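Source file: structure35.tsv; contents: TSV, C-alpha atoms.
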```tsv
chain	number	residue	atom	x	y	z
R	4	MET	CA	-251.81	10.93	161.42
R	5	MET	CA	-249.15	9.37	163.67
R	6	SER	CA	-246.18	7.92	161.93
R	7	LYS	CA	-245.14	4.30	162.36
R	8	LEU	CA	-242.27	5.52	164.48
R	9	GLY	CA	-244.63	7.46	166.73
R	10	VAL	CA	-246.90	4.43	167.11
R	11	ALA	CA	-243.89	2.33	168.05
R	12	VAL	CA	-242.72	4.88	170.62
R	13	VAL	CA	-246.18	5.08	172.18
R	14	GLY	CA	-246.44	1.31	172.26
R	15	MET	CA	-243.03	0.97	173.88
R	16	SER	CA	-243.93	3.59	176.48
R	17	MET	CA	-247.17	1.80	177.36
R	18	MET	CA	-245.35	-1.49	177.64
R	19	LEU	CA	-242.71	0.02	179.95
R	20	GLN	CA	-245.42	1.55	182.12
R	21	ALA	CA	-247.17	-1.81	182.37
R	22	VAL	CA	-243.91	-3.54	183.31
R	23	ALA	CA	-243.15	-0.87	185.91
R	24	GLN	CA	-246.62	-1.18	187.39
R	25	GLU	CA	-246.28	-4.95	187.63
R	26	ALA	CA	-242.85	-4.56	189.32
R	27	ARG	CA	-244.09	-2.03	191.90
R	28	PRO	CA	-244.39	-3.83	195.28
R	29	ASP	CA	-247.76	-4.04	196.99
R	30	PRO	CA	-247.46	-2.46	200.47
R	31	LYS	CA	-250.12	-4.84	201.80
R	32	ALA	CA	-247.81	-7.76	201.07
R	33	THR	CA	-245.57	-6.69	203.97
R	34	GLU	CA	-248.27	-5.81	206.50
R	35	ALA	CA	-248.44	-8.06	209.59
R	36	TRP	CA	-251.76	-8.13	211.47
R	37	THR	CA	-251.23	-11.06	213.83
R	38	PRO	CA	-250.36	-11.87	216.50
R	39	GLU	CA	-251.32	-8.59	218.13
R	40	PRO	CA	-249.16	-7.33	221.05
R	41	ALA	CA	-250.90	-7.55	224.42
R	42	ARG	CA	-252.54	-4.30	225.48
R	43	ILE	CA	-251.30	-2.94	228.81
R	44	VAL	CA	-251.99	0.23	230.75
R	45	PRO	CA	-248.74	2.24	230.81
R	46	GLY	CA	-247.31	3.39	234.10
R	47	THR	CA	-247.08	6.90	235.49
R	48	ALA	CA	-244.70	8.57	237.93
R	49	THR	CA	-246.50	6.84	240.80
R	50	ARG	CA	-248.08	3.77	239.19
R	51	ALA	CA	-246.46	0.71	237.63
R	52	PRO	CA	-247.48	-0.62	234.20
R	53	SER	CA	-250.43	-3.00	234.45
R	54	ASP	CA	-248.33	-6.07	233.60
R	55	ALA	CA	-245.59	-5.34	236.16
R	56	VAL	CA	-244.81	-7.17	239.38
R	57	VAL	CA	-244.83	-4.47	242.06
R	58	LEU	CA	-241.92	-5.07	244.43
R	59	PHE	CA	-242.51	-2.02	246.62
R	60	ASP	CA	-245.44	0.40	246.50
R	61	GLY	CA	-244.71	2.30	249.70
R	62	THR	CA	-246.89	0.24	252.03
R	63	ASP	CA	-244.93	-2.85	253.08
R	64	ALA	CA	-241.93	-5.05	252.28
R	65	ARG	CA	-243.85	-8.28	251.75
R	66	GLU	CA	-242.03	-8.97	248.45
R	67	TRP	CA	-238.63	-8.91	250.21
R	68	VAL	CA	-236.80	-11.24	252.58
R	69	SER	CA	-233.44	-11.37	254.29
R	70	ALA	CA	-230.75	-12.33	251.78
R	71	ALA	CA	-228.79	-14.17	254.46
R	72	SER	CA	-231.85	-16.04	255.76
R	73	PRO	CA	-234.61	-16.11	253.11
R	74	ALA	CA	-237.05	-17.62	255.60
R	75	LYS	CA	-236.92	-14.34	257.56
R	76	ALA	CA	-238.65	-11.09	256.68
R	77	ALA	CA	-236.64	-8.14	255.40
R	78	GLY	CA	-235.20	-6.16	258.29
R	79	TRP	CA	-235.30	-2.71	256.69
R	80	THR	CA	-237.53	0.20	257.71
R	81	VAL	CA	-240.79	1.04	255.93
R	82	ALA	CA	-242.05	4.56	256.69
R	83	ASP	CA	-243.51	7.51	254.79
R	84	GLY	CA	-243.78	5.48	251.59
R	85	THR	CA	-240.11	4.52	251.51
R	86	LEU	CA	-238.03	1.41	252.16
R	87	THR	CA	-234.82	2.39	253.94
R	88	VAL	CA	-231.67	0.45	254.76
R	89	ARG	CA	-231.34	-0.26	258.47
R	90	GLY	CA	-227.59	-0.45	258.79
R	91	GLY	CA	-226.35	-3.81	260.01
R	92	SER	CA	-229.58	-5.66	259.27
R	93	GLY	CA	-228.15	-7.16	256.08
R	94	ASP	CA	-229.00	-7.27	252.40
R	95	ILE	CA	-232.54	-8.01	251.27
R	96	GLN	CA	-233.71	-9.92	248.20
R	97	THR	CA	-236.97	-10.61	246.41
R	98	ARG	CA	-239.11	-13.59	247.37
R	99	ARG	CA	-239.52	-14.31	243.67
R	100	THR	CA	-236.87	-15.29	241.17
R	101	PHE	CA	-236.39	-13.73	237.73
R	102	THR	CA	-234.53	-14.39	234.52
R	103	ASP	CA	-234.81	-11.59	231.93
R	104	TYR	CA	-236.69	-8.45	232.92
R	105	GLN	CA	-237.17	-4.68	232.92
R	106	ILE	CA	-236.93	-2.99	236.32
R	107	HIS	CA	-237.74	0.50	237.56
R	108	LEU	CA	-236.36	1.64	240.91
R	109	GLU	CA	-236.10	5.01	242.65
R	110	TRP	CA	-233.42	5.70	245.27
R	111	ARG	CA	-232.22	8.51	247.49
R	112	VAL	CA	-229.10	8.93	249.59
R	113	PRO	CA	-229.33	11.03	252.78
R	114	ALA	CA	-229.11	14.79	252.32
R	115	THR	CA	-226.59	15.08	255.15
R	116	LEU	CA	-223.56	12.92	254.37
R	117	THR	CA	-220.12	13.24	255.92
R	118	GLY	CA	-218.22	10.45	254.17
R	119	THR	CA	-216.26	10.53	250.93
R	120	GLY	CA	-215.52	8.09	248.14
R	121	GLN	CA	-217.30	4.78	248.64
R	122	ALA	CA	-218.50	5.86	252.10
R	123	ARG	CA	-221.11	8.26	250.78
R	124	GLY	CA	-224.60	6.79	250.37
R	125	ASN	CA	-223.36	3.39	249.28
R	126	SER	CA	-225.77	0.64	248.29
R	127	GLY	CA	-226.33	-1.51	245.24
R	128	LEU	CA	-228.98	-2.98	242.97
R	129	PHE	CA	-227.95	-6.58	242.35
R	130	LEU	CA	-229.74	-7.48	239.13
R	131	SER	CA	-229.41	-11.15	240.04
R	132	THR	CA	-227.98	-12.79	243.12
R	133	GLY	CA	-226.34	-15.31	240.78
R	134	THR	CA	-224.47	-17.87	242.84
R	135	GLY	CA	-223.95	-15.56	245.79
R	136	ASN	CA	-221.98	-12.51	244.73
R	137	GLY	CA	-224.46	-11.35	242.10
R	138	TYR	CA	-224.24	-8.65	239.44
R	139	GLU	CA	-224.21	-5.13	240.90
R	140	LEU	CA	-225.35	-1.80	239.52
R	141	GLN	CA	-223.75	0.63	241.98
R	142	ILE	CA	-225.72	3.13	244.06
R	143	LEU	CA	-223.67	6.01	245.47
R	144	ASP	CA	-223.68	9.78	245.83
R	145	CYS	CA	-221.47	10.96	242.97
R	146	ALA	CA	-222.90	14.43	242.35
R	147	ASP	CA	-219.79	15.98	243.89
R	148	ASN	CA	-217.83	13.01	245.16
R	149	LYS	CA	-214.86	11.37	243.48
R	150	THR	CA	-214.18	7.64	243.59
R	151	TYR	CA	-212.81	5.03	241.20
R	152	VAL	CA	-214.87	5.35	238.03
R	153	ASN	CA	-215.82	1.68	237.76
R	154	GLY	CA	-217.27	1.99	241.26
R	155	GLN	CA	-219.22	5.23	240.91
R	156	ALA	CA	-222.99	5.46	240.67
R	157	ALA	CA	-224.47	3.62	237.65
R	158	SER	CA	-221.32	1.57	237.11
R	159	ILE	CA	-221.53	-2.18	236.72
R	160	TYR	CA	-219.33	-2.56	239.76
R	161	LYS	CA	-215.65	-3.09	238.87
R	162	GLN	CA	-216.62	-3.87	235.23
R	163	HIS	CA	-218.26	-1.07	233.24
R	164	VAL	CA	-217.87	2.68	233.76
R	165	PRO	CA	-221.11	4.64	233.13
R	166	LEU	CA	-221.18	6.62	229.88
R	167	VAL	CA	-221.85	9.81	231.86
R	168	ASN	CA	-222.31	10.90	235.46
R	169	ALA	CA	-226.04	11.62	235.69
R	170	CYS	CA	-226.24	11.92	239.49
R	171	ALA	CA	-228.66	14.29	241.16
R	172	ALA	CA	-227.70	15.98	244.41
R	173	ALA	CA	-227.75	14.07	247.68
R	174	GLY	CA	-231.23	14.14	249.18
R	175	GLU	CA	-232.97	14.12	245.78
R	176	TRP	CA	-234.80	11.11	244.38
R	177	GLN	CA	-233.10	9.38	241.46
R	178	THR	CA	-234.25	6.68	239.04
R	179	TYR	CA	-232.78	3.55	237.54
R	180	ASP	CA	-234.48	1.89	234.57
R	181	VAL	CA	-232.71	-1.29	233.58
R	182	ILE	CA	-233.05	-4.08	231.02
R	183	TRP	CA	-231.41	-7.26	232.36
R	184	THR	CA	-230.64	-10.25	230.16
R	185	ALA	CA	-229.49	-13.16	232.28
R	186	PRO	CA	-226.51	-15.32	231.30
R	187	ARG	CA	-227.12	-18.73	229.76
R	188	PHE	CA	-225.20	-21.89	230.56
R	189	GLY	CA	-224.87	-25.28	228.94
R	190	ALA	CA	-225.66	-28.58	230.66
R	191	ASP	CA	-221.98	-28.90	231.50
R	192	GLY	CA	-221.96	-25.50	233.20
R	193	ALA	CA	-220.06	-23.75	230.41
R	194	LEU	CA	-221.11	-20.18	229.59
R	195	VAL	CA	-223.18	-20.04	226.40
R	196	SER	CA	-224.13	-16.36	226.47
R	197	PRO	CA	-223.06	-13.64	228.96
R	198	ALA	CA	-225.36	-11.35	230.90
R	199	TYR	CA	-226.22	-8.02	229.26
R	200	VAL	CA	-227.30	-4.74	230.83
R	201	THR	CA	-228.86	-1.61	229.41
R	202	ALA	CA	-229.42	1.06	232.06
R	203	LEU	CA	-230.74	4.60	232.27
R	204	HIS	CA	-229.94	6.83	235.25
R	205	ASN	CA	-232.38	9.70	235.71
R	206	GLY	CA	-233.55	9.09	232.14
R	207	VAL	CA	-230.01	9.20	230.69
R	208	LEU	CA	-228.43	6.18	228.99
R	209	VAL	CA	-225.45	5.10	231.09
R	210	GLN	CA	-224.96	1.43	230.11
R	211	ASN	CA	-225.63	0.48	226.49
R	212	HIS	CA	-226.20	-3.29	226.18
R	213	VAL	CA	-222.89	-4.07	227.87
R	214	ALA	CA	-221.74	-7.67	228.24
R	215	LEU	CA	-220.72	-8.67	231.76
R	216	THR	CA	-217.65	-10.79	232.44
R	217	GLY	CA	-219.12	-12.45	235.51
R	218	GLU	CA	-220.51	-11.75	238.95
R	219	SER	CA	-219.35	-8.62	240.76
R	220	LEU	CA	-216.38	-8.92	243.11
R	221	HIS	CA	-214.82	-6.31	245.37
R	222	ALA	CA	-211.41	-7.90	244.84
R	223	GLY	CA	-210.34	-10.21	242.04
R	224	ARG	CA	-211.60	-10.80	238.53
R	225	PRO	CA	-215.30	-11.41	237.81
R	226	ALA	CA	-216.20	-14.96	236.87
R	227	TYR	CA	-219.27	-16.98	235.92
R	228	ARG	CA	-220.64	-20.04	237.64
R	229	LYS	CA	-223.76	-21.79	236.40
R	230	HIS	CA	-227.08	-20.61	237.84
R	231	GLY	CA	-230.67	-20.23	236.77
R	232	ALA	CA	-233.41	-17.79	237.69
R	233	ALA	CA	-232.47	-15.89	240.85
R	234	PRO	CA	-233.73	-13.15	243.17
R	235	ILE	CA	-233.00	-9.43	242.81
R	236	LYS	CA	-231.06	-7.99	245.77
R	237	LEU	CA	-230.62	-4.61	247.46
R	238	GLN	CA	-227.47	-4.00	249.48
R	239	ASP	CA	-227.02	-2.93	253.08
R	240	HIS	CA	-223.66	-1.14	253.01
R	241	GLY	CA	-224.35	0.68	256.27
R	242	ASP	CA	-225.78	3.90	254.80
R	243	ALA	CA	-229.45	4.85	255.19
R	244	VAL	CA	-230.28	4.76	251.48
R	245	SER	CA	-234.02	4.86	250.72
R	246	PHE	CA	-236.04	3.27	247.93
R	247	ARG	CA	-239.51	3.65	246.50
R	248	ASN	CA	-241.67	2.76	243.48
R	249	ILE	CA	-239.94	-0.52	242.59
R	250	TRP	CA	-241.47	-2.70	239.88
R	251	VAL	CA	-240.31	-5.33	237.44
R	252	ARG	CA	-241.66	-6.67	234.13
R	253	PRO	CA	-240.47	-10.20	233.33
R	254	LEU	CA	-239.55	-10.46	229.67
```

Let me see whether you can do it: turn the structure in this file into structure tokens.
Amino acid sequence: MMSKLGVAVVGMSMMLQAVAQEARPDPKATEAWTPEPARIVPGTATRAPSDAVVLFDGTDAREWVSAASPAKAAGWTVADGTLTVRGGSGDIQTRRTFTDYQIHLEWRVPATLTGTGQARGNSGLFLSTGTGNGYELQILDCADNKTYVNGQAASIYKQHVPLVNACAAAGEWQTYDVIWTAPRFGADGALVSPAYVTALHNGVLVQNHVALTGESLHAGRPAYRKHGAAPIKLQDHGDAVSFRNIWVRPL
């Protein structure tokens, strides 16, 4: 026969178990079932994701125009599945405008280069044309080529040095995968939120959600001026840099 003390202990134990069971959270209470994310078909090495805007698929440059004269077609060369700078023809920009987005771009500098420093496969991915100068992610052969570090490949030109030098050799295809968050401005033109960039070069993180201080300048300090959605631009710096497999996903 259990003593009164034993009965009390058992009763207390059962009560504590009941309290503990009542206090245990229900995992279903924190499950979210709606709204469901949209289903897309992911991309491959040669195909863009199904929700992407294809800017160049190797066949034509219809999504691009002259940056100097947007009413004119892009003056670069399309051949063998690539879009190549035709030196002296000028920068090109997208027909469409974008705000926040994810972009994938593949680029290649010529295998036979004779220049050094900035004169070695120079081009640029301008993530937005902004008010004219734009915000540049540098393209350059830096596999075995020294230059100022805030102007080397994968730098936010004259602003942010890449975390590492992930350059492949000249003549090899390289990739940029970038998340661009456009700056925001108030009605009075004052900056409310700066632009941010996260970038991977050949699959390696090189810019980690860095805040930009303004549009890129070759000389002088970067500065912001109010703008809205804008085209993406590719630079003609005189070198025959080639591009392929360019797509963008507006966010």

Rank R:Gly174, R:Pro165, R:Gly61, R:Gly118 by their smallest atom-to-atom distance to R:Ala202, using all atoms listed in the file, and report the top residue only.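 Of R:Gly174, R:Pro165, R:Gly61, R:Gly118, the one nearest R:Ala202 is R:Pro165, counting all atoms listed in the file.
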
Measuring atom to atom with all atoms listed in the file, identify which of R:His240, R:His230, R:His107, R:Lys149 is nearest to R:Ala51. R:His107

Point-to-point distance from atom CA of R:Ala190 to atom CA of R:Leu254, Å rounded to tenths: 22.9 Å

Would you mind listing what lies within 7 Å of R:Ser131 as a ChimeraX atom specification, with all atoms listed in the file counted and same-chain residues fewer than 4 positions away left out? /R:137-138,233-236

Go ahead and compute the interatomic distance for atom CA of R:Thr216 and atom CA of R:Leu143, in Å to one decimal. 22.1 Å

Show me a table, sorted first by chain and then by increasing residue number, of the residues of stretch 144-225 of chain R having an atom at most 10 Å from stretch 108-116 of chain R, each with its shortest atom pair and the distance in Å to one decimal, counting all atoms listed in the file and written as JSON lines.
```
{"residue": "R:Asp144", "atom": "CA", "partner": "R:Val112", "partner_atom": "CA", "distance": 6.7}
{"residue": "R:Ala171", "atom": "CA", "partner": "R:Arg111", "partner_atom": "CA", "distance": 9.3}
{"residue": "R:Ala172", "atom": "CA", "partner": "R:Ala114", "partner_atom": "CA", "distance": 8.1}
{"residue": "R:Ala173", "atom": "CA", "partner": "R:Ala114", "partner_atom": "CA", "distance": 4.9}
{"residue": "R:Gly174", "atom": "CA", "partner": "R:Ala114", "partner_atom": "CA", "distance": 3.8}
{"residue": "R:Glu175", "atom": "CA", "partner": "R:Arg111", "partner_atom": "CA", "distance": 5.9}
{"residue": "R:Trp176", "atom": "CA", "partner": "R:Arg111", "partner_atom": "CA", "distance": 4.8}
{"residue": "R:Gln177", "atom": "CA", "partner": "R:Trp110", "partner_atom": "CA", "distance": 5.3}
{"residue": "R:Thr178", "atom": "CA", "partner": "R:Glu109", "partner_atom": "CA", "distance": 4.4}
{"residue": "R:Tyr179", "atom": "CA", "partner": "R:Leu108", "partner_atom": "CA", "distance": 5.3}
{"residue": "R:Asp180", "atom": "CA", "partner": "R:Leu108", "partner_atom": "CA", "distance": 6.6}
{"residue": "R:Val181", "atom": "CA", "partner": "R:Leu108", "partner_atom": "CA", "distance": 8.7}
{"residue": "R:His204", "atom": "CA", "partner": "R:Glu109", "partner_atom": "CA", "distance": 9.8}
{"residue": "R:Asn205", "atom": "CA", "partner": "R:Glu109", "partner_atom": "CA", "distance": 9.2}
```

Please measure the separation of atom CA of R:Leu194 and atom CA of R:Thr134, giving the value in Å to one decimal. 13.9 Å

Near R:Pro186, within 8 Å and counting only C-alpha atoms, which residues show up once chain neighbours fewer than 3 positions away are dropped, as a ChimeraX atom specification? /R:194-199

Closest of R:Asp63, R:Asp103, R:Asp94, R:Asp54 to R:Ala185, counting only C-alpha atoms, is R:Asp103

Residues within 12 Å of R:Val164, please, as JSON, numbers by chain. Count all atoms listed in the file; anything in the same chain fewer than 6 positions from it doesn't count. {"R": [140, 141, 150, 151, 152, 153, 154, 155, 156, 157, 158, 202, 209, 210, 211, 213, 215]}

Selection near R:Arg98, 8 Å with all atoms listed in the file, sequence-local residues under 6 positions removed, as number ranges by chain: R: 66-68, 73, 234

Output as a compact mmCIF listing (two decimals), in the frame of the given file: stretch 148-173 of chain R, completed with N, CA and C atoms.
```txt
# COMPACT_ATOMS: atom_id res chain seq x y z
N ASN R 148 -218.56 13.96 244.34
CA ASN R 148 -217.83 13.01 245.16
C ASN R 148 -217.02 12.09 244.25
N LYS R 149 -215.71 12.17 244.35
CA LYS R 149 -214.86 11.37 243.48
C LYS R 149 -214.58 9.99 244.08
N THR R 150 -214.55 8.99 243.22
CA THR R 150 -214.18 7.64 243.59
C THR R 150 -213.66 6.97 242.32
N TYR R 151 -213.25 5.71 242.42
CA TYR R 151 -212.81 5.03 241.20
C TYR R 151 -214.00 4.90 240.25
N VAL R 152 -213.76 5.16 238.97
CA VAL R 152 -214.87 5.35 238.03
C VAL R 152 -215.67 4.08 237.75
N ASN R 153 -215.04 2.91 237.95
CA ASN R 153 -215.82 1.68 237.76
C ASN R 153 -216.48 1.25 239.07
N GLY R 154 -216.54 2.21 240.02
CA GLY R 154 -217.27 1.99 241.26
C GLY R 154 -218.18 3.15 241.60
N GLN R 155 -218.33 4.09 240.66
CA GLN R 155 -219.22 5.23 240.91
C GLN R 155 -220.66 4.84 240.60
N ALA R 156 -221.58 5.72 240.92
CA ALA R 156 -222.99 5.46 240.67
C ALA R 156 -223.21 5.09 239.21
N ALA R 157 -224.08 4.10 238.98
CA ALA R 157 -224.47 3.62 237.65
C ALA R 157 -223.38 2.80 236.97
N SER R 158 -222.30 2.50 237.67
CA SER R 158 -221.32 1.57 237.11
C SER R 158 -221.82 0.14 237.32
N ILE R 159 -221.44 -0.76 236.42
CA ILE R 159 -221.53 -2.18 236.72
C ILE R 159 -220.27 -2.45 237.53
N TYR R 160 -220.43 -2.66 238.81
CA TYR R 160 -219.33 -2.56 239.76
C TYR R 160 -218.09 -3.35 239.33
N LYS R 161 -216.98 -2.60 239.23
CA LYS R 161 -215.65 -3.09 238.87
C LYS R 161 -215.60 -3.70 237.45
N GLN R 162 -216.62 -3.35 236.60
CA GLN R 162 -216.62 -3.87 235.23
C GLN R 162 -216.83 -2.78 234.20
N HIS R 163 -217.94 -2.04 234.28
CA HIS R 163 -218.26 -1.07 233.24
C HIS R 163 -218.49 0.32 233.83
N VAL R 164 -217.72 1.29 233.36
CA VAL R 164 -217.87 2.68 233.76
C VAL R 164 -219.13 3.24 233.09
N PRO R 165 -219.94 4.04 233.79
CA PRO R 165 -221.11 4.64 233.13
C PRO R 165 -220.67 5.59 232.02
N LEU R 166 -221.50 5.74 231.01
CA LEU R 166 -221.18 6.62 229.88
C LEU R 166 -221.07 8.07 230.32
N VAL R 167 -221.90 8.46 231.29
CA VAL R 167 -221.85 9.81 231.86
C VAL R 167 -222.19 9.72 233.34
N ASN R 168 -221.90 10.77 234.07
CA ASN R 168 -222.31 10.90 235.46
C ASN R 168 -223.61 11.68 235.49
N ALA R 169 -224.72 10.99 235.72
CA ALA R 169 -226.04 11.62 235.69
C ALA R 169 -226.63 11.80 237.08
N CYS R 170 -225.78 11.85 238.10
CA CYS R 170 -226.24 11.92 239.49
C CYS R 170 -226.94 13.24 239.80
N ALA R 171 -228.03 13.13 240.54
CA ALA R 171 -228.66 14.29 241.16
C ALA R 171 -228.00 14.51 242.51
N ALA R 172 -228.30 15.63 243.12
CA ALA R 172 -227.70 15.98 244.41
C ALA R 172 -228.19 15.04 245.51
N ALA R 173 -227.36 14.86 246.52
CA ALA R 173 -227.75 14.07 247.68
C ALA R 173 -229.05 14.63 248.27
```
